[in-house]
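Data file: query31.txt. Format and content: compact mmCIF, C-alpha atoms.
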```txt
# COMPACT_ATOMS: atom_id res chain seq x y z
CA MET U 1 -89.24 -207.50 -61.33
CA SER U 2 -90.60 -208.83 -64.58
CA LEU U 3 -89.05 -208.29 -68.00
CA ASN U 4 -90.99 -206.05 -70.36
CA THR U 5 -90.76 -208.04 -73.57
CA ASP U 6 -92.34 -205.40 -75.81
CA GLU U 7 -88.99 -204.60 -77.46
CA GLY U 8 -87.67 -208.15 -77.21
CA ILE U 9 -87.64 -211.21 -79.45
CA GLU U 10 -87.96 -214.61 -77.79
CA ILE U 11 -85.40 -217.20 -78.84
CA THR U 12 -86.18 -220.91 -78.57
CA SER U 13 -83.39 -222.44 -80.68
CA VAL U 14 -79.98 -221.66 -82.14
CA ASP U 15 -81.36 -221.78 -85.70
CA GLU U 16 -84.01 -219.22 -84.87
CA TYR U 17 -81.41 -217.00 -83.19
CA MET U 18 -79.04 -217.07 -86.17
CA ARG U 19 -81.88 -216.10 -88.50
CA GLU U 20 -82.52 -213.05 -86.32
CA ILE U 21 -78.80 -212.19 -86.28
CA SER U 22 -78.77 -212.39 -90.06
CA LYS U 23 -81.61 -209.85 -90.14
CA LEU U 24 -79.62 -207.56 -87.83
CA ASN U 25 -76.63 -207.62 -90.15
CA GLN U 26 -78.80 -206.92 -93.18
CA ASN U 27 -80.49 -203.94 -91.51
CA LYS U 28 -77.51 -202.20 -89.92
CA LYS U 29 -77.65 -198.41 -89.84
CA ASP U 30 -74.13 -198.38 -91.23
CA PRO U 31 -73.22 -201.32 -93.52
CA ASN U 32 -69.59 -201.01 -92.41
CA ALA U 33 -70.37 -201.04 -88.68
CA GLN U 34 -69.30 -203.96 -86.51
CA MET U 35 -71.80 -205.77 -84.29
CA PHE U 36 -71.11 -206.39 -80.59
CA PHE U 37 -73.13 -208.56 -78.21
CA ARG U 38 -73.51 -209.18 -74.48
CA GLY U 39 -75.33 -212.10 -72.89
CA GLN U 40 -76.60 -212.04 -69.30
CA ALA U 41 -78.23 -214.91 -67.41
CA VAL U 42 -80.78 -212.71 -65.63
CA ASP U 43 -83.07 -210.31 -67.45
CA TYR U 44 -83.46 -207.77 -64.65
CA TRP U 45 -79.75 -207.22 -63.99
CA ASP U 46 -78.37 -203.80 -64.85
CA ILE U 47 -75.50 -203.66 -67.31
CA ARG U 48 -72.62 -202.62 -65.08
CA PRO U 49 -68.91 -203.41 -64.99
CA SER U 50 -67.86 -204.93 -61.68
CA ILE U 51 -66.23 -201.72 -60.40
CA PHE U 52 -69.64 -200.01 -60.61
CA ARG U 53 -71.13 -202.40 -58.05
CA ASP U 54 -71.08 -202.45 -54.24
CA GLN U 55 -69.28 -199.10 -53.88
CA MET U 56 -66.06 -200.66 -55.23
CA LEU U 57 -65.51 -197.54 -57.33
CA SER U 58 -64.32 -195.70 -54.22
CA VAL U 59 -61.28 -198.01 -54.00
CA GLU U 60 -60.63 -198.37 -57.74
CA HIS U 61 -57.30 -196.54 -57.47
CA ASN U 62 -56.10 -199.06 -54.87
CA LEU U 63 -57.24 -202.02 -56.96
CA MET U 64 -55.35 -200.62 -59.92
CA SER U 65 -52.10 -200.00 -58.03
CA GLU U 66 -51.75 -202.67 -55.33
CA PRO U 67 -51.16 -205.65 -57.66
CA LEU U 68 -48.40 -203.66 -59.37
CA ARG U 69 -46.78 -203.10 -56.00
CA GLN U 70 -47.23 -206.57 -54.55
CA ILE U 71 -46.64 -208.78 -57.61
CA PRO U 72 -44.78 -206.52 -60.10
CA ASN U 73 -43.24 -209.41 -62.05
CA GLU U 74 -46.68 -210.37 -63.33
CA PHE U 75 -46.92 -207.08 -65.22
CA ASN U 76 -43.37 -206.53 -66.48
CA ASN U 77 -44.19 -206.95 -70.16
CA LEU U 78 -47.38 -204.90 -70.16
CA GLY U 79 -47.63 -201.37 -71.48
CA ASP U 80 -50.14 -198.79 -70.33
CA SER U 81 -53.05 -198.91 -67.90
CA PHE U 82 -55.49 -200.54 -70.32
CA GLU U 83 -53.31 -203.63 -70.79
CA ILE U 84 -52.95 -203.92 -67.02
CA MET U 85 -56.70 -203.54 -66.58
CA GLU U 86 -57.30 -206.19 -69.25
CA LYS U 87 -55.14 -208.66 -67.31
CA TYR U 88 -56.95 -207.79 -64.08
CA GLN U 89 -60.26 -208.52 -65.81
CA HIS U 90 -59.03 -211.91 -66.98
CA TYR U 91 -58.21 -212.95 -63.41
CA GLY U 92 -61.43 -211.70 -61.83
CA MET U 93 -60.37 -208.35 -60.40
CA CYS U 94 -63.02 -205.59 -60.23
CA THR U 95 -62.44 -203.24 -63.16
CA ARG U 96 -64.42 -200.77 -65.25
CA LEU U 97 -64.22 -203.07 -68.27
CA LEU U 98 -67.46 -204.68 -69.41
CA ASP U 99 -67.12 -207.90 -71.41
CA ILE U 100 -68.76 -207.97 -74.84
CA THR U 101 -68.16 -210.18 -77.86
CA THR U 102 -68.25 -210.04 -81.64
CA ASN U 103 -69.59 -213.62 -81.72
CA PRO U 104 -73.38 -213.72 -81.19
CA LEU U 105 -73.26 -217.42 -80.23
CA VAL U 106 -70.91 -216.66 -77.35
CA ALA U 107 -73.38 -214.08 -76.01
CA LEU U 108 -76.20 -216.61 -76.36
CA TYR U 109 -74.16 -219.14 -74.36
CA PHE U 110 -73.79 -216.76 -71.41
CA SER U 111 -77.47 -215.82 -71.52
CA CYS U 112 -78.41 -219.50 -71.14
CA GLU U 113 -76.81 -220.00 -67.74
CA ARG U 114 -79.38 -221.39 -65.29
CA TYR U 115 -80.20 -219.20 -62.30
CA LYS U 116 -82.19 -219.59 -59.08
CA LYS U 117 -85.88 -218.75 -59.02
CA GLU U 118 -86.87 -215.22 -58.06
CA GLU U 119 -90.12 -213.40 -57.35
CA TYR U 120 -91.69 -211.81 -60.42
CA LYS U 121 -94.57 -209.34 -60.45
CA ASP U 122 -97.01 -209.59 -63.32
CA ARG U 123 -97.48 -206.13 -64.86
CA GLU U 124 -101.18 -206.66 -65.60
CA THR U 125 -102.52 -208.75 -62.70
CA LYS U 126 -99.95 -207.50 -60.13
CA ASN U 127 -99.70 -211.10 -58.91
CA ILE U 128 -96.31 -212.24 -57.64
CA GLU U 129 -94.96 -215.63 -58.57
CA LYS U 130 -91.60 -217.30 -58.10
CA VAL U 131 -90.06 -218.31 -61.42
CA ALA U 132 -86.59 -218.66 -62.89
CA PRO U 133 -85.42 -215.49 -64.69
CA ARG U 134 -85.01 -215.28 -68.43
CA GLY U 135 -81.66 -214.88 -70.12
CA ILE U 136 -81.06 -211.87 -72.33
CA VAL U 137 -78.76 -210.86 -75.21
CA TYR U 138 -78.09 -207.18 -75.86
CA PHE U 139 -76.40 -205.86 -78.98
CA LYS U 140 -74.99 -202.68 -80.46
CA GLU U 141 -73.26 -201.62 -83.63
CA ASP U 142 -70.19 -199.42 -83.76
CA ASN U 143 -68.61 -198.09 -86.92
CA MET U 144 -65.52 -196.79 -85.14
CA PRO U 145 -64.43 -199.15 -82.34
CA LEU U 146 -61.21 -198.04 -80.72
CA LYS U 147 -57.93 -199.89 -80.33
CA TYR U 148 -56.28 -200.51 -76.98
CA ASN U 149 -53.69 -197.77 -77.58
CA ASP U 150 -55.98 -195.00 -78.85
CA LEU U 151 -55.85 -191.74 -76.92
CA GLU U 152 -59.36 -191.95 -75.42
CA VAL U 153 -58.70 -195.45 -74.15
CA ARG U 154 -55.37 -194.47 -72.61
CA ILE U 155 -56.90 -191.45 -70.90
CA ILE U 156 -59.88 -193.25 -69.33
CA SER U 157 -57.69 -196.18 -68.27
CA ARG U 158 -55.23 -193.87 -66.54
CA LEU U 159 -58.00 -191.86 -64.88
CA ALA U 160 -59.22 -195.13 -63.36
CA SER U 161 -55.93 -195.36 -61.43
CA TYR U 162 -56.27 -191.87 -59.90
CA ASP U 163 -57.68 -191.25 -56.42
CA MET U 164 -60.60 -188.86 -56.90
CA ASN U 165 -62.21 -189.24 -53.48
CA SER U 166 -61.09 -185.73 -52.54
CA ASP U 167 -61.80 -182.70 -54.70
CA ARG U 168 -59.70 -182.81 -57.87
CA THR U 169 -60.01 -180.05 -60.43
CA LEU U 170 -59.96 -180.51 -64.18
CA GLU U 171 -56.74 -178.53 -64.29
CA GLU U 172 -55.06 -180.88 -61.79
CA ILE U 173 -56.13 -183.96 -63.71
CA VAL U 174 -54.97 -182.61 -67.09
CA GLU U 175 -51.63 -181.70 -65.51
CA LYS U 176 -51.38 -185.20 -64.00
CA LEU U 177 -52.05 -186.84 -67.39
CA TYR U 178 -49.25 -184.74 -68.87
CA GLN U 179 -46.82 -185.71 -66.08
CA ASP U 180 -47.69 -189.37 -66.66
CA THR U 181 -46.90 -188.89 -70.39
CA VAL U 182 -50.42 -189.84 -71.42
CA ILE U 183 -50.92 -186.55 -73.27
CA SER U 184 -48.51 -184.16 -75.01
CA MET U 185 -47.63 -180.59 -74.05
CA ASP U 186 -49.64 -179.28 -77.00
CA LEU U 187 -52.72 -181.21 -75.89
CA LYS U 188 -52.28 -180.03 -72.32
CA LYS U 189 -52.20 -176.39 -73.44
CA LYS U 190 -55.24 -176.89 -75.66
CA TRP U 191 -57.32 -178.53 -72.92
CA LEU U 192 -56.47 -175.91 -70.32
CA GLU U 193 -58.08 -173.30 -72.54
CA GLU U 194 -61.79 -172.72 -71.98
CA ASN U 195 -62.93 -174.04 -75.37
CA GLY U 196 -60.51 -176.96 -75.39
CA MET U 197 -61.65 -178.11 -71.96
CA PHE U 198 -65.00 -179.27 -73.41
CA GLU U 199 -63.15 -181.77 -75.60
CA PHE U 200 -61.48 -183.27 -72.52
CA ILE U 201 -64.79 -183.43 -70.62
CA HIS U 202 -66.39 -185.23 -73.56
CA ILE U 203 -63.72 -187.95 -73.41
CA CYS U 204 -64.13 -188.27 -69.62
CA GLN U 205 -67.86 -188.89 -69.96
CA SER U 206 -67.87 -191.15 -73.01
CA VAL U 207 -68.06 -194.95 -73.28
CA CYS U 208 -65.52 -196.56 -75.62
CA THR U 209 -65.94 -199.79 -77.52
CA VAL U 210 -62.44 -201.27 -77.40
CA LEU U 211 -60.83 -203.99 -79.49
CA PRO U 212 -58.21 -205.35 -77.08
CA ILE U 213 -54.90 -207.12 -77.46
CA MET U 214 -55.79 -210.78 -77.93
CA ASN U 215 -53.17 -211.90 -75.44
CA ASN U 216 -54.87 -214.93 -73.89
CA ASP U 217 -56.66 -217.99 -75.21
CA ARG U 218 -59.92 -217.23 -73.42
CA LEU U 219 -60.23 -213.82 -75.04
CA ILE U 220 -59.51 -215.35 -78.45
CA ARG U 221 -62.02 -218.18 -78.07
CA GLN U 222 -64.73 -215.85 -76.81
CA SER U 223 -64.05 -213.28 -79.59
CA GLY U 224 -63.79 -210.81 -76.74
CA ALA U 225 -64.00 -207.03 -76.73
CA PHE U 226 -64.81 -204.47 -74.04
CA LEU U 227 -66.84 -201.44 -73.21
CA LEU U 228 -64.68 -198.96 -71.30
CA PRO U 229 -66.88 -196.32 -69.62
CA GLY U 230 -65.60 -192.92 -68.56
CA LYS U 231 -68.72 -191.68 -66.78
CA PHE U 232 -66.80 -189.13 -64.70
CA ILE U 233 -69.01 -186.35 -63.39
CA VAL U 234 -67.90 -182.72 -63.65
CA THR U 235 -69.23 -180.08 -61.27
CA ASN U 236 -68.64 -176.45 -62.17
CA ARG U 237 -67.92 -174.18 -59.22
CA GLY U 238 -67.16 -170.84 -60.84
CA ASP U 239 -66.60 -168.98 -64.05
CA ASN U 240 -63.33 -170.74 -64.86
CA LEU U 241 -63.96 -174.27 -66.11
CA LYS U 242 -60.44 -175.33 -65.11
CA ASN U 243 -61.56 -175.19 -61.48
CA ALA U 244 -64.50 -177.55 -61.98
CA ILE U 245 -64.38 -180.69 -59.83
CA ILE U 246 -64.09 -184.08 -61.55
CA ALA U 247 -65.15 -187.25 -59.72
CA LYS U 248 -65.87 -190.91 -60.41
CA ALA U 249 -69.47 -192.05 -60.73
CA GLU U 250 -71.36 -195.30 -61.24
CA SER U 251 -73.66 -195.84 -64.20
CA ASN U 252 -75.95 -198.39 -65.84
CA LEU U 253 -74.73 -198.95 -69.42
CA ARG U 254 -78.08 -200.15 -70.81
CA ASN U 255 -78.32 -197.12 -73.10
CA GLU U 256 -75.10 -198.14 -74.84
CA PHE U 257 -77.03 -200.99 -76.48
CA GLU U 258 -79.99 -200.99 -78.82
CA GLY U 259 -83.48 -200.86 -77.34
CA MET U 260 -84.32 -204.19 -78.95
CA PHE U 261 -82.95 -207.39 -77.41
CA PHE U 262 -83.29 -211.18 -77.45
CA TYR U 263 -84.59 -213.13 -74.47
CA ILE U 264 -84.55 -216.82 -73.56
CA ASP U 265 -87.07 -218.45 -71.26
CA ASP U 266 -85.52 -220.59 -68.52
CA ASN U 267 -87.27 -223.67 -69.91
CA ASN U 268 -85.30 -223.34 -73.16
CA LYS U 269 -81.87 -222.60 -71.72
CA GLU U 270 -80.67 -226.18 -71.32
CA LYS U 271 -81.90 -227.17 -74.79
CA ILE U 272 -80.13 -224.20 -76.41
CA ARG U 273 -76.89 -224.91 -74.55
CA THR U 274 -76.99 -228.47 -75.90
CA GLU U 275 -77.44 -227.08 -79.42
CA LEU U 276 -74.55 -224.68 -78.83
CA GLU U 277 -72.28 -227.57 -77.88
CA ASN U 278 -72.87 -228.94 -81.39
CA CYS U 279 -71.48 -225.61 -82.64
CA ASN U 280 -68.38 -225.95 -80.43
CA ILE U 281 -69.69 -223.32 -78.04
CA SER U 282 -69.28 -224.86 -74.60
CA GLU U 283 -67.48 -224.28 -71.33
CA ALA U 284 -64.59 -226.44 -72.54
CA ASN U 285 -64.20 -224.37 -75.71
CA LEU U 286 -64.72 -220.93 -74.21
CA PHE U 287 -62.62 -221.45 -71.07
CA PRO U 288 -59.36 -223.21 -72.01
CA GLU U 289 -57.87 -223.06 -68.49
CA LEU U 290 -57.40 -226.43 -66.76
CA GLU U 291 -59.91 -225.76 -63.97
CA TYR U 292 -62.69 -225.18 -66.52
CA GLN U 293 -61.66 -228.16 -68.63
CA LEU U 294 -61.92 -230.46 -65.60
CA LYS U 295 -65.22 -228.87 -64.53
CA TYR U 296 -66.65 -229.48 -68.01
CA ILE U 297 -65.54 -233.15 -68.02
CA ARG U 298 -67.11 -233.68 -64.61
CA LYS U 299 -70.38 -232.02 -65.65
CA HIS U 300 -70.51 -233.99 -68.90
CA ASN U 301 -70.17 -237.28 -67.04
CA GLU U 302 -72.83 -236.49 -64.45
CA GLN U 303 -75.50 -237.60 -66.91
CA PHE U 304 -74.15 -241.18 -66.73
CA ARG U 305 -74.39 -241.48 -62.95
CA ARG U 306 -76.21 -244.32 -61.23
CA ALA U 307 -76.61 -245.44 -57.67
CA VAL U 308 -73.61 -247.21 -56.11
CA SER U 309 -73.31 -249.52 -53.13
CA TYR U 310 -72.22 -248.43 -49.69
CA PHE U 311 -69.13 -250.20 -48.41
CA GLU U 312 -69.66 -253.22 -46.18
CA LYS U 313 -66.85 -255.41 -44.93
CA PHE U 314 -66.77 -258.86 -46.55
CA GLU U 315 -67.64 -261.72 -44.21
CA LYS U 316 -66.51 -265.25 -44.97
CA ILE U 317 -69.34 -267.80 -45.22
CA GLU U 318 -68.57 -271.25 -43.76
CA LYS U 319 -68.94 -274.21 -46.13
CA ASN U 320 -71.61 -275.91 -44.02
CA SER U 321 -73.55 -272.68 -43.48
CA THR U 322 -77.20 -272.78 -44.50
CA TYR U 323 -77.15 -269.04 -45.47
CA ASN U 324 -77.92 -268.57 -49.16
CA VAL U 325 -76.35 -265.59 -50.89
CA GLU U 326 -78.63 -263.94 -53.43
CA ILE U 327 -76.74 -262.84 -56.51
CA LYS U 328 -79.17 -259.99 -57.13
CA ASP U 329 -82.47 -259.07 -55.54
CA GLU U 330 -84.25 -258.12 -58.73
CA TYR U 331 -87.69 -256.61 -58.43
CA ASP U 332 -90.83 -258.07 -59.89
CA ILE U 333 -91.57 -255.04 -62.03
CA ASP U 334 -95.31 -255.72 -62.10
CA LYS U 335 -95.53 -255.95 -58.32
CA LEU U 336 -93.39 -252.84 -57.97
CA ARG U 337 -95.68 -250.86 -60.28
CA MET U 338 -98.75 -252.24 -58.51
CA VAL U 339 -97.49 -250.98 -55.12
CA ILE U 340 -96.50 -247.54 -56.39
CA GLY U 341 -99.68 -247.30 -58.47
CA LYS U 342 -101.84 -247.43 -55.33
CA TYR U 343 -100.62 -243.98 -54.30
CA ASP U 344 -102.23 -240.79 -55.57
CA LEU U 345 -99.21 -239.52 -57.49
CA GLU U 346 -98.69 -238.06 -60.94
CA ASP U 347 -97.53 -240.56 -63.54
CA GLY U 348 -94.17 -238.83 -63.90
CA VAL U 349 -93.53 -239.02 -60.15
CA LYS U 350 -94.47 -242.71 -60.12
CA ARG U 351 -91.93 -243.41 -62.87
CA GLU U 352 -89.23 -241.49 -60.97
CA ILE U 353 -89.87 -243.55 -57.79
CA GLU U 354 -89.90 -246.76 -59.82
CA ASN U 355 -86.48 -245.84 -61.25
CA VAL U 356 -85.12 -245.24 -57.76
CA PHE U 357 -85.83 -248.88 -56.89
CA LEU U 358 -84.52 -250.18 -60.23
CA ASN U 359 -81.27 -248.23 -59.82
CA ASN U 360 -80.69 -249.65 -56.34
CA GLN U 361 -80.92 -253.39 -56.92
CA ASP U 362 -78.01 -254.20 -54.62
CA VAL U 363 -77.27 -257.69 -53.38
CA ASP U 364 -79.50 -258.66 -50.44
CA TRP U 365 -80.82 -255.11 -50.23
CA ILE U 366 -83.77 -255.92 -47.96
CA LYS U 367 -81.39 -256.86 -45.13
CA ARG U 368 -79.15 -253.82 -45.56
CA ASP U 369 -80.18 -250.67 -43.75
CA SER U 370 -77.69 -248.58 -45.73
CA VAL U 371 -79.38 -249.44 -49.05
CA ILE U 372 -82.89 -248.92 -47.66
CA SER U 373 -81.76 -245.56 -46.27
CA ARG U 374 -80.36 -244.56 -49.64
CA ILE U 375 -83.60 -245.51 -51.40
CA LYS U 376 -85.60 -243.50 -48.87
CA ILE U 377 -83.40 -240.42 -49.34
CA GLN U 378 -83.69 -240.59 -53.13
CA ILE U 379 -87.48 -241.01 -53.04
CA CYS U 380 -87.77 -238.07 -50.63
CA LYS U 381 -85.74 -235.92 -53.00
CA LYS U 382 -88.03 -236.81 -55.92
CA LEU U 383 -91.08 -235.92 -53.84
CA LEU U 384 -89.57 -232.66 -52.60
CA ASP U 385 -88.75 -231.71 -56.21
CA ASN U 386 -92.42 -232.23 -57.00
CA GLY U 387 -93.82 -229.95 -54.33
CA TYR U 388 -94.13 -232.18 -51.25
CA VAL U 389 -93.15 -230.83 -47.83
CA LYS U 390 -90.36 -232.67 -46.04
CA ALA U 391 -92.47 -234.41 -43.38
CA ASP U 392 -95.01 -235.74 -45.92
CA ALA U 393 -92.23 -236.83 -48.30
CA GLU U 394 -90.44 -238.81 -45.58
CA LYS U 395 -93.66 -240.50 -44.40
CA LEU U 396 -94.71 -241.43 -47.94
CA ALA U 397 -91.24 -242.75 -48.83
CA LYS U 398 -91.20 -244.92 -45.72
CA ASN U 399 -94.66 -246.38 -46.50
CA ILE U 400 -93.77 -247.14 -50.13
CA ILE U 401 -90.55 -248.95 -49.15
CA ALA U 402 -92.34 -251.02 -46.49
CA LYS U 403 -95.01 -252.15 -48.95
CA VAL U 404 -92.45 -253.00 -51.65
CA ILE U 405 -90.54 -255.15 -49.15
CA ARG U 406 -93.74 -256.98 -48.10
CA GLU U 407 -94.59 -257.76 -51.73
CA LYS U 408 -91.17 -259.28 -52.54
```
Could you spell out this file's structure in structure tokens?
Amino acid sequence: MSLNTDEGIEITSVDEYMREISKLNQNKKDPNAQMFFRGQAVDYWDIRPSIFRDQMLSVEHNLMSEPLRQIPNEFNNLGDSFEIMEKYQHYGMCTRLLDITTNPLVALYFSCERYKKEEYKDRETKNIEKVAPRGIVYFKEDNMPLKYNDLEVRIISRLASYDMNSDRTLEEIVEKLYQDTVISMDLKKKWLEENGMFEFIHICQSVCTVLPIMNNDRLIRQSGAFLLPGKFIVTNRGDNLKNAIIAKAESNLRNEFEGMFFYIDDNNKEKIRTELENCNISEANLFPELEYQLKYIRKHNEQFRRAVSYFEKFEKIEKNSTYNVEIKDEYDIDKLRMVIGKYDLEDGVKREIENVFLNNQDVDWIKRDSVISRIKIQICKKLLDNGYVKADAEKLAKNIIAKVIREK
């Protein structure tokens, strides 16, 4: 499914993006409103919290309660359901929280994650092609974001922990909230009246922008906030609204954001991520946990890799042996280029194959099957990356190696 870019603005650099963000801030509907952003790596994904995917909503009450039963010590110092849900979100549990951020650069970072190629259908020609999806940044403004302990937040968070798979009436749920000390007696009485019940339904179906407790380093570094959707459906079954059935329902939260958005072509993602690193927006900065720190260090050092030798046991050479050890079998670069140049390959592919040989100048390589095998594998990979089928790539790699050896 292809992205309709009519309402979107393409971003090709961090500077360009920040100029657009500046325009957003200057043109806010409410000068006092706060801006919130969400970046997604794939343009055609819906905007859904994890509990709204794969029918997980039907077991939300179990996901909310089982950790408290099985590992209660982890939650001793937490208050109400929202704080518990926030901790679940941090550790990867399915919840109805949707991550957003007040830092537009953080959203841009997440939108620039590389993703596998998918089939796209051109809206005009109807042709289907396989390309990598674009990244996308959504945004919204909110002049009254809620705090973690506001009434609406406490109500929706507690409702998430209730089992609503069987018919539950509005009256039952209001009574349950009162028993759980989420609402007062006065509020209970008000909401059980016909006119007051509409106020309760409105809360149950709203989506809250929540400023959370900044209780972990990741949340702080990512300038994190959340959308907390109610999205409970209410089905009236008589004259008395108290007897209406309330149930959980999934929803796409796209309408919570502005119609306009920013998008990033896959070809620009890596470049923008490099620019973001210069702004201290990187995996190491956004994810302070040890596992992410080590992952970042590994990824950073991958760019310095080069071919290494396979182990071979050292064999002592007798003094009167006539075997001459070559210190390094360096290639004659002109002969190497001449051999590779005879093949009908693009210039870029020729240079990649040439570099394979230059990066594998091991001692006595011609006599070592392990080195020749490694060179063949690496050439095949280059050819496969450039559209060759496996059988043709293997045959061509074998021929090139044979001719290079003959020319040495």
Point-to-point distance in Å for atom CA of Ser166 of chain U and atom CA of Val234 of chain U: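 So the two atoms, atom CA of Val234 of chain U and atom CA of Ser166 of chain U, lie 13.4 Å apart.
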Please compute the atom CA of Ser81 of chain U-atom CA of Tyr162 of chain U distance, one decimal, in Å. 11.1 Å
Spatial neighbours of Pro133 of chain U, 7 Å, all atoms listed in the file, chain gap at least 5 places, as a list in words: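 Counting only the stated atoms, we get Val42, Asp43, Tyr115, Lys117, Glu118 and Asp266 of chain U.
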The centre and edge lengths of an axis-aligned box containing all atoms of segment 60-74 of chain U present in the file, extended by 8 Å on each side, are to be given in Å to one decimal, as lines of an AutoDock Vina configuration file.
```
center_x = -51.9
center_y = -203.5
center_z = -58.9
size_x = 33.4
size_y = 29.8
size_z = 24.8
```
Point-to-point distance in Å for atom CA of Lys189 of chain U and atom CA of Val174 of chain U: 9.3 Å
Determine, using only C-alpha atoms, which residues of segment 191-233 of chain U have any atom at most 12 Å from an atom of segment 277-281 of chain U, and tabulate each with its shortest atom pair and distance in Å to one decimal place, rows ordered by chain and then rising number, as a Markdown table.
```
| residue | atom | partner | partner_atom | distance |
| --- | --- | --- | --- | --- |
| U:Arg221 | CA | U:Ile281 | CA | 9.2 |
| U:Gln222 | CA | U:Ile281 | CA | 9.1 |
| U:Ser223 | CA | U:Ile281 | CA | 11.6 |
```
Using the selection just defined, write its residues with C-alpha atoms as a compact mmCIF listing (two decimals), keeping the file's coordinate frame.
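Here's the written file result33.txt:
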```
# COMPACT_ATOMS: atom_id res chain seq x y z
CA ARG U 221 -62.02 -218.18 -78.07
CA GLN U 222 -64.73 -215.85 -76.81
CA SER U 223 -64.05 -213.28 -79.59
```
Pick the closest to Phe37 of chain U from U:Tyr178, U:Ile201, U:Ala225, U:Val59: which is it, counting only C-alpha atoms?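 Nearest candidate to Phe37 of chain U out of U:Tyr178, U:Ile201, U:Ala225, U:Val59: U:Ala225.
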Who sits within 10 Å of Lys271 of chain U, only C-alpha atoms, same chain under 5 positions skipped, as a PyMOL selection string: chain U and resi 12-14+112+266+276
Counting all atoms listed in the file, which of U:Asn268, U:Asn4, U:Asn76, U:Gln293 gets nearest to Tyr44 of chain U? U:Asn4
Would you give me, as a Markdown table, each residue of segment 65-145 of chain U having an atom within 9 Å of an atom of segment 212-217 of chain U, along with its shortest atom pair and that distance in Å to one decimal, using all atoms listed in the file and sorting by chain and residue number?
```
| residue | atom | partner | partner_atom | distance |
| --- | --- | --- | --- | --- |
| U:Phe82 | CA | U:Pro212 | CA | 8.7 |
| U:Glu83 | CA | U:Ile213 | CA | 7.7 |
| U:Glu86 | CA | U:Pro212 | CA | 7.9 |
| U:Lys87 | CA | U:Asn215 | CA | 9.0 |
| U:His90 | CA | U:Asn216 | CA | 8.6 |
```
Of the candidates U:Lys23, U:Lys395, U:Arg168, U:Lys403, which shows the shortest atom-to-atom distance to Lys342 of chain U, using all atoms listed in the file?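 Ranked by minimum distance to Lys342 of chain U, first place goes to U:Lys403.
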Please rebuild segment 86-98 of chain U with N, CA and C atoms and return the result as a JSON list (two decimals), keeping the file's coordinate frame.
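Wrote part-v5.json, looks like this:
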```
[["chain", "number", "residue", "atom", "x", "y", "z"],
["U", 86, "GLU", "N", -56.85, -205.00, -68.50],
["U", 86, "GLU", "CA", -57.30, -206.19, -69.25],
["U", 86, "GLU", "C", -56.85, -207.47, -68.55],
["U", 87, "LYS", "N", -55.63, -207.47, -68.03],
["U", 87, "LYS", "CA", -55.14, -208.66, -67.31],
["U", 87, "LYS", "C", -55.89, -208.83, -65.99],
["U", 88, "TYR", "N", -56.15, -207.73, -65.30],
["U", 88, "TYR", "CA", -56.95, -207.79, -64.08],
["U", 88, "TYR", "C", -58.31, -208.44, -64.37],
["U", 89, "GLN", "N", -58.94, -208.01, -65.45],
["U", 89, "GLN", "CA", -60.26, -208.52, -65.81],
["U", 89, "GLN", "C", -60.21, -210.03, -66.03],
["U", 90, "HIS", "N", -59.17, -210.48, -66.67],
["U", 90, "HIS", "CA", -59.03, -211.91, -66.98],
["U", 90, "HIS", "C", -58.99, -212.74, -65.70],
["U", 91, "TYR", "N", -58.38, -212.19, -64.65],
["U", 91, "TYR", "CA", -58.21, -212.95, -63.41],
["U", 91, "TYR", "C", -59.24, -212.59, -62.34],
["U", 92, "GLY", "N", -60.30, -211.90, -62.74],
["U", 92, "GLY", "CA", -61.43, -211.70, -61.83],
["U", 92, "GLY", "C", -61.36, -210.49, -60.94],
["U", 93, "MET", "N", -60.43, -209.58, -61.17],
["U", 93, "MET", "CA", -60.37, -208.35, -60.40],
["U", 93, "MET", "C", -61.52, -207.41, -60.82],
["U", 94, "CYS", "N", -62.03, -206.61, -59.88],
["U", 94, "CYS", "CA", -63.02, -205.59, -60.23],
["U", 94, "CYS", "C", -62.36, -204.54, -61.12],
["U", 95, "THR", "N", -62.94, -204.29, -62.27],
["U", 95, "THR", "CA", -62.44, -203.24, -63.16],
["U", 95, "THR", "C", -63.63, -202.53, -63.79],
["U", 96, "ARG", "N", -63.34, -201.46, -64.55],
["U", 96, "ARG", "CA", -64.42, -200.77, -65.25],
["U", 96, "ARG", "C", -64.62, -201.31, -66.66],
["U", 97, "LEU", "N", -64.00, -202.43, -66.97],
["U", 97, "LEU", "CA", -64.22, -203.07, -68.27],
["U", 97, "LEU", "C", -65.48, -203.92, -68.23],
["U", 98, "LEU", "N", -66.27, -203.85, -69.27],
["U", 98, "LEU", "CA", -67.46, -204.68, -69.41],
["U", 98, "LEU", "C", -67.25, -205.61, -70.60]]
```
